[in-house]
$ cat my_file_7.txt   # compact mmCIF, C-alpha atoms and all ligand atoms
# COMPACT_ATOMS: atom_id res chain seq x y z
CA MET A 1 111.44 134.79 116.45
CA THR A 2 111.40 131.29 115.02
CA SER A 3 111.03 131.10 111.23
CA LEU A 4 108.26 129.11 109.55
CA ILE A 5 110.82 126.60 108.37
CA GLU A 6 112.26 126.14 111.85
CA GLN A 7 108.76 125.73 113.28
CA ALA A 8 107.97 123.15 110.61
CA LYS A 9 111.11 121.18 111.44
CA GLN A 10 110.28 121.29 115.13
CA LYS A 11 106.68 120.13 114.70
CA ALA A 12 107.72 117.20 112.52
CA ALA A 13 110.51 116.19 114.90
CA TYR A 14 108.36 116.42 118.04
CA GLN A 15 105.52 114.39 116.55
CA ALA A 16 107.91 111.70 115.29
CA VAL A 17 109.55 111.35 118.70
CA ASP A 18 106.18 111.29 120.47
CA GLU A 19 104.79 108.60 118.17
CA HIS A 20 107.85 106.39 117.66
CA VAL A 21 110.13 106.55 120.69
CA LEU A 22 108.46 104.20 123.15
CA PRO A 23 109.16 103.70 126.87
CA THR A 24 110.22 100.12 126.07
CA HIS A 25 112.95 101.29 123.67
CA THR A 26 116.50 101.15 124.96
CA VAL A 27 118.59 101.82 121.82
CA ILE A 28 117.74 104.84 119.64
CA GLY A 29 119.50 105.96 116.46
CA VAL A 30 119.85 109.71 115.98
CA GLY A 31 120.51 111.21 112.55
CA SER A 32 122.27 114.44 111.62
CA GLY A 33 121.36 117.93 110.50
CA SER A 34 119.31 120.88 111.66
CA THR A 35 115.97 119.02 111.97
CA VAL A 36 117.56 116.44 114.24
CA VAL A 37 118.41 119.24 116.68
CA HIS A 38 114.67 119.28 117.45
CA VAL A 39 114.58 115.49 117.76
CA VAL A 40 117.21 115.66 120.48
CA ALA A 41 115.42 118.58 122.17
CA ARG A 42 112.24 116.47 122.37
CA LEU A 43 114.14 113.43 123.65
CA LEU A 44 115.51 115.63 126.43
CA GLU A 45 111.96 116.53 127.46
CA ARG A 46 111.15 112.87 128.18
CA ASP A 47 111.15 111.40 131.66
CA PRO A 48 114.86 111.48 132.66
CA ALA A 49 114.48 107.92 133.99
CA LEU A 50 113.67 106.72 130.45
CA ASN A 51 116.70 108.48 128.94
CA ALA A 52 118.89 107.09 131.72
CA LYS A 53 118.15 103.51 130.61
CA THR A 54 118.61 104.29 126.90
CA VAL A 55 121.71 104.32 124.68
CA PHE A 56 121.70 106.75 121.76
CA ILE A 57 123.59 105.95 118.54
CA PRO A 58 124.81 109.08 116.74
CA THR A 59 125.45 109.28 113.01
CA SER A 60 128.04 112.06 112.88
CA PHE A 61 130.33 114.30 114.89
CA GLN A 62 127.42 116.77 114.98
CA SER A 63 124.80 114.40 116.38
CA ARG A 64 127.27 112.89 118.85
CA GLY A 65 127.88 116.42 120.15
CA LEU A 66 124.16 117.10 120.49
CA LEU A 67 123.66 113.91 122.49
CA LEU A 68 126.69 114.44 124.72
CA ASP A 69 125.75 118.08 125.36
CA GLY A 70 122.33 116.82 126.48
CA GLY A 71 123.97 114.45 128.97
CA LEU A 72 122.74 111.36 127.11
CA THR A 73 124.66 108.09 126.87
CA VAL A 74 126.10 107.40 123.42
CA GLY A 75 127.10 104.10 121.87
CA ASP A 76 127.99 102.75 118.45
CA VAL A 77 126.66 100.12 116.05
CA GLU A 78 129.50 97.76 116.94
CA GLN A 79 128.24 97.64 120.54
CA TYR A 80 124.54 97.96 119.64
CA PRO A 81 123.83 96.40 116.24
CA ASN A 82 120.09 96.13 117.04
CA ILE A 83 118.51 99.56 117.23
CA ASP A 84 114.84 100.01 118.19
CA VAL A 85 114.20 103.07 116.06
CA THR A 86 116.28 105.61 114.12
CA ILE A 87 115.00 109.12 113.40
CA ASP A 88 116.80 111.27 110.82
CA GLY A 89 116.31 114.24 108.50
CA ALA A 90 116.47 114.19 104.70
CA ASP A 91 117.23 116.50 101.81
CA GLU A 92 114.27 115.28 99.75
CA VAL A 93 111.67 112.52 100.05
CA ASP A 94 109.57 111.14 97.18
CA ALA A 95 106.03 109.76 97.13
CA GLN A 96 107.32 106.22 97.89
CA LEU A 97 109.49 107.47 100.80
CA ASN A 98 112.76 107.08 98.93
CA ALA A 99 115.09 109.84 100.10
CA ILE A 100 118.15 111.82 99.12
CA LYS A 101 120.46 112.28 102.11
CA GLY A 102 124.00 113.53 102.59
CA GLY A 103 123.54 117.27 102.31
CA GLY A 104 125.52 117.32 105.54
CA ALA A 105 127.97 114.69 104.24
CA ALA A 106 126.93 112.21 106.92
CA HIS A 107 125.01 109.65 104.84
CA LEU A 108 127.41 106.72 105.30
CA GLN A 109 126.97 106.53 109.06
CA GLU A 110 123.33 107.56 108.69
CA LYS A 111 122.61 104.62 106.39
CA VAL A 112 124.34 102.11 108.65
CA VAL A 113 122.40 103.34 111.69
CA ALA A 114 119.12 103.42 109.72
CA GLU A 115 119.62 99.87 108.41
CA ALA A 116 120.44 98.59 111.90
CA ALA A 117 117.09 99.86 113.18
CA LYS A 118 113.78 98.00 113.28
CA LYS A 119 112.13 101.26 112.16
CA PHE A 120 113.57 104.18 110.21
CA ILE A 121 111.63 107.44 110.49
CA ILE A 122 112.26 110.63 108.49
CA VAL A 123 111.58 114.15 109.76
CA ALA A 124 111.65 117.16 107.46
CA ASP A 125 110.05 120.47 106.59
CA TYR A 126 107.71 121.06 103.64
CA ARG A 127 110.55 122.01 101.25
CA LYS A 128 111.72 118.38 101.21
CA ASP A 129 108.42 116.87 100.13
CA SER A 130 108.46 115.77 96.45
CA LYS A 131 106.72 113.39 94.11
CA VAL A 132 109.96 112.50 92.34
CA LEU A 133 113.52 112.88 93.68
CA GLY A 134 115.37 115.72 91.96
CA GLU A 135 112.33 118.03 91.89
CA GLN A 136 113.39 120.09 94.91
CA TRP A 137 116.93 118.95 95.68
CA THR A 138 118.85 119.89 92.54
CA LYS A 139 122.38 119.90 93.99
CA GLY A 140 122.70 116.21 93.19
CA VAL A 141 122.99 112.87 94.91
CA PRO A 142 125.81 112.97 97.50
CA VAL A 143 128.33 110.22 96.75
CA GLU A 144 131.04 109.52 99.36
CA VAL A 145 134.29 108.41 97.72
CA VAL A 146 137.74 107.39 98.89
CA PRO A 147 139.96 110.42 98.27
CA PHE A 148 142.46 108.90 95.83
CA ALA A 149 139.67 107.68 93.54
CA TRP A 150 137.65 110.91 93.31
CA LYS A 151 138.58 111.87 89.75
CA ALA A 152 138.01 108.38 88.40
CA VAL A 153 134.63 108.17 90.15
CA LEU A 154 133.68 111.63 88.86
CA LYS A 155 134.32 110.50 85.28
CA LYS A 156 132.23 107.36 85.78
CA LEU A 157 129.36 109.40 87.26
CA GLN A 158 129.52 111.71 84.25
CA GLY A 159 129.43 108.61 82.05
CA LEU A 160 126.25 107.51 83.85
CA GLY A 161 124.60 110.78 82.81
CA SER A 162 125.48 113.14 85.66
CA LYS A 163 127.26 115.70 83.45
CA ASP A 164 127.41 118.31 86.23
CA ALA A 165 128.78 116.01 88.94
CA LYS A 166 131.37 117.84 90.99
CA LEU A 167 133.59 117.50 94.03
CA ARG A 168 132.07 119.25 97.05
CA MET A 169 134.37 122.03 98.15
CA ALA A 170 134.72 123.22 101.74
CA VAL A 171 133.78 126.67 103.00
CA ASN A 172 136.37 128.35 105.25
CA LYS A 173 138.96 125.73 104.29
CA ALA A 174 140.93 125.42 101.09
CA GLY A 175 140.08 122.20 99.25
CA PRO A 176 137.32 119.60 99.41
CA VAL A 177 134.89 118.71 102.18
CA VAL A 178 136.34 115.81 104.18
CA THR A 179 133.70 113.57 105.78
CA ASP A 180 133.71 112.23 109.35
CA ASN A 181 135.16 109.06 107.77
CA GLY A 182 138.04 110.86 106.04
CA ASN A 183 136.53 110.66 102.56
CA PHE A 184 135.42 113.16 99.88
CA ILE A 185 131.92 113.89 98.55
CA ILE A 186 130.87 114.20 94.92
CA ASP A 187 127.46 115.79 94.30
CA ALA A 188 125.96 114.09 91.26
CA PRO A 189 122.79 115.57 89.74
CA PHE A 190 120.72 113.08 87.71
CA GLY A 191 117.75 115.33 86.91
CA LEU A 192 114.43 113.79 87.92
CA ILE A 193 115.18 110.40 89.46
CA ARG A 194 112.21 108.23 88.52
CA ASP A 195 114.04 104.97 89.31
CA PRO A 196 116.16 105.70 92.41
CA VAL A 197 116.96 102.00 92.96
CA LYS A 198 118.65 101.82 89.54
CA VAL A 199 120.63 105.02 90.15
CA LEU A 200 121.66 103.66 93.56
CA LYS A 201 122.81 100.34 92.12
CA ASP A 202 124.66 101.89 89.16
CA THR A 203 126.49 104.46 91.28
CA LYS A 204 127.30 102.18 94.17
CA LEU A 205 128.96 99.68 91.82
CA ILE A 206 131.62 102.24 90.85
CA THR A 207 134.90 101.22 92.47
CA GLY A 208 135.97 103.86 94.96
CA VAL A 209 132.41 104.74 96.00
CA VAL A 210 131.89 104.18 99.72
CA GLU A 211 128.18 105.09 99.97
CA VAL A 212 125.50 106.83 97.96
CA GLY A 213 122.98 109.22 99.50
CA LEU A 214 119.95 107.44 98.08
CA PHE A 215 117.92 105.72 100.81
CA CYS A 216 115.54 103.47 98.88
CA ASN A 217 112.76 101.42 100.47
CA MET A 218 114.09 102.13 103.94
CA ALA A 219 111.78 104.61 105.65
CA GLU A 220 108.57 103.42 107.24
CA VAL A 221 107.12 106.89 107.84
CA ALA A 222 108.02 110.49 106.93
CA TYR A 223 106.83 113.50 108.92
CA PHE A 224 106.73 116.81 107.03
CA GLY A 225 106.19 120.00 108.99
CA CYS A 226 103.97 122.27 106.86
CA GLU A 227 103.85 126.05 106.45
CA ASP A 228 100.44 126.25 108.15
CA GLY A 229 101.73 124.57 111.33
CA SER A 230 100.26 121.15 110.57
CA VAL A 231 102.28 117.96 110.05
CA THR A 232 101.77 115.67 107.05
CA VAL A 233 102.49 112.04 107.87
CA ARG A 234 103.31 109.80 104.91
CA THR A 235 103.51 106.05 105.43
CA LYS A 236 104.71 103.37 103.04
O1 LIG B 301 121.40 113.76 105.33
C1 LIG B 301 121.70 114.61 106.13
C2 LIG B 301 123.10 114.87 106.54
O2 LIG B 301 123.97 114.06 105.81
C3 LIG B 301 120.65 115.46 106.75
O3 LIG B 301 119.73 114.64 107.39
C4 LIG B 301 119.99 116.24 105.66
O4 LIG B 301 120.98 117.02 105.00
C5 LIG B 301 118.88 117.15 106.18
O5 LIG B 301 119.42 118.14 106.99
P1 LIG B 301 118.53 119.30 107.60
O6 LIG B 301 117.66 118.69 108.63
O7 LIG B 301 119.54 120.27 108.16
O8 LIG B 301 117.75 119.92 106.46

$ encode --input "my_file_7.txt" --output "structure tokens"
Amino acid sequence: MTSLIEQAKQKAAYQAVDEHVLPTHTVIGVGSGSTVVHVVARLLERDPALNAKTVFIPTSFQSRGLLLDGGLTVGDVEQYPNIDVTIDGADEVDAQLNAIKGGGAAHLQEKVVAEAAKKFIIVADYRKDSKVLGEQWTKGVPVEVVPFAWKAVLKKLQGLGSKDAKLRMAVNKAGPVVTDNGNFIIDAPFGLIRDPVKVLKDTKLITGVVEVGLFCNMAEVAYFGCEDGSVTVRTK
């Protein structure tokens, strides 16, 4: 039996695909995570002729695998720098559609693929819906760092007020999580983030930081699957 959360993810993903992936689109960005599994499932229900003339741009090893397993054609941003629409999940979304991403350590590629798109759409379940970032997602802002700089970056993040910032450790492997780009992740909690643009700027300026999992002023629409089976659509 599908859980309420899984149903919520599916409803949000299906509605987003139905409303934003148009027959005229030929390049589609596909994010990462468990909600995106439903995005790909819905894409695979489209007319096969439409998928056959479309290139899909993955944002991680995981989403590339989903697309390839579905028999879809994959490309990259180097070949396709102009994407029609990108659909991705999020760890938390605020009232202005700023988002925390990177719970799956994929936010560097996700941000590049989102920024290359004419439209960036977020799909999530009700647990991700917040007024202010940091209300629901308390693990911290994911910060991708080059490995040799991790300790220096950690100290700087602590200096910026993230006292509990810590290196993300792997499960079933000794040592840290290593991203698809060969880097490490520091999770940096900043409490309630009332000014995400400032936190983004301050953290991104630290030497050794590759990308910060704050997506500010990027999403056009967010779809939240609700517990009662409905979908809340929030636009900018
Ligand atoms: O940013 C991400 C990965 O880096 C994901 O989109 C985010 O973690 C949400 O994942 P899920 O849909 O599994 O809740």

$ closest_residue --input "my_file_7.txt" --among "A:Ala152, A:Ile185, A:Val178, A:Leu4" --to "A:Val212" --atoms "all atoms listed in the file"
A:Ile185

$ residues_around --input "my_file_7.txt" --residues "A:Thr26" --least-positions-apart "5" --cutoff "12 Å" --atoms "all atoms listed in the file" --output "PyMOL selection string"
chain A and resi 21+49-57+73-75+80+82-86+117

$ residues_near_ligand --input "my_file_7.txt" --ligand "ligand LIG 301 (chain B)" --cutoff "6 Å" --atoms "all atoms listed in the file" --output "list in words"
Ser32, Gly33, Ser34, Thr35, Asp88, Gly89, Ala90, Asp91, Lys101, Gly102, Gly103, Gly104, Ala105, Ala106 and His107 of chain A

$ atom_distance --input "my_file_7.txt" --atom1 "atom CA of A:Leu160" --atom2 "atom CA of A:Gln96"
23.6 Å

$ residues_near_point --input "my_file_7.txt" --point "(135.2, 105.4, 102.8)" --cutoff "8 Å" --atoms "only C-alpha atoms" --output "PDB file with C-alpha atoms, in the coordinates of the input"
ATOM      1  CA  GLU A 144     131.040 109.520  99.360  1.00  0.00           C
ATOM      2  CA  VAL A 145     134.290 108.410  97.720  1.00  0.00           C
ATOM      3  CA  VAL A 146     137.740 107.390  98.890  1.00  0.00           C
ATOM      4  CA  ASN A 181     135.160 109.060 107.770  1.00  0.00           C
ATOM      5  CA  GLY A 182     138.040 110.860 106.040  1.00  0.00           C
ATOM      6  CA  ASN A 183     136.530 110.660 102.560  1.00  0.00           C
ATOM      7  CA  VAL A 209     132.410 104.740  96.000  1.00  0.00           C
ATOM      8  CA  VAL A 210     131.890 104.180  99.720  1.00  0.00           C
ATOM      9  CA  GLU A 211     128.180 105.090  99.970  1.00  0.00           C
TER      10      GLU A 211
END

$ closest_residue --input "my_file_7.txt" --among "A:His20, A:Gln136, A:Val30, A:Leu66" --to "A:Ala116" --atoms "only C-alpha atoms"
A:Val30

$ residues_around --input "my_file_7.txt" --residues "A:Asn98" --least-positions-apart "6" --cutoff "8 Å" --atoms "only C-alpha atoms" --output "PyMOL selection string"
chain A and resi 133+196+214-219

$ closest_residue --input "my_file_7.txt" --among "A:Pro142, A:Gly65, A:Gly225, A:Gly159" --to "A:Leu200" --atoms "only C-alpha atoms"
A:Pro142
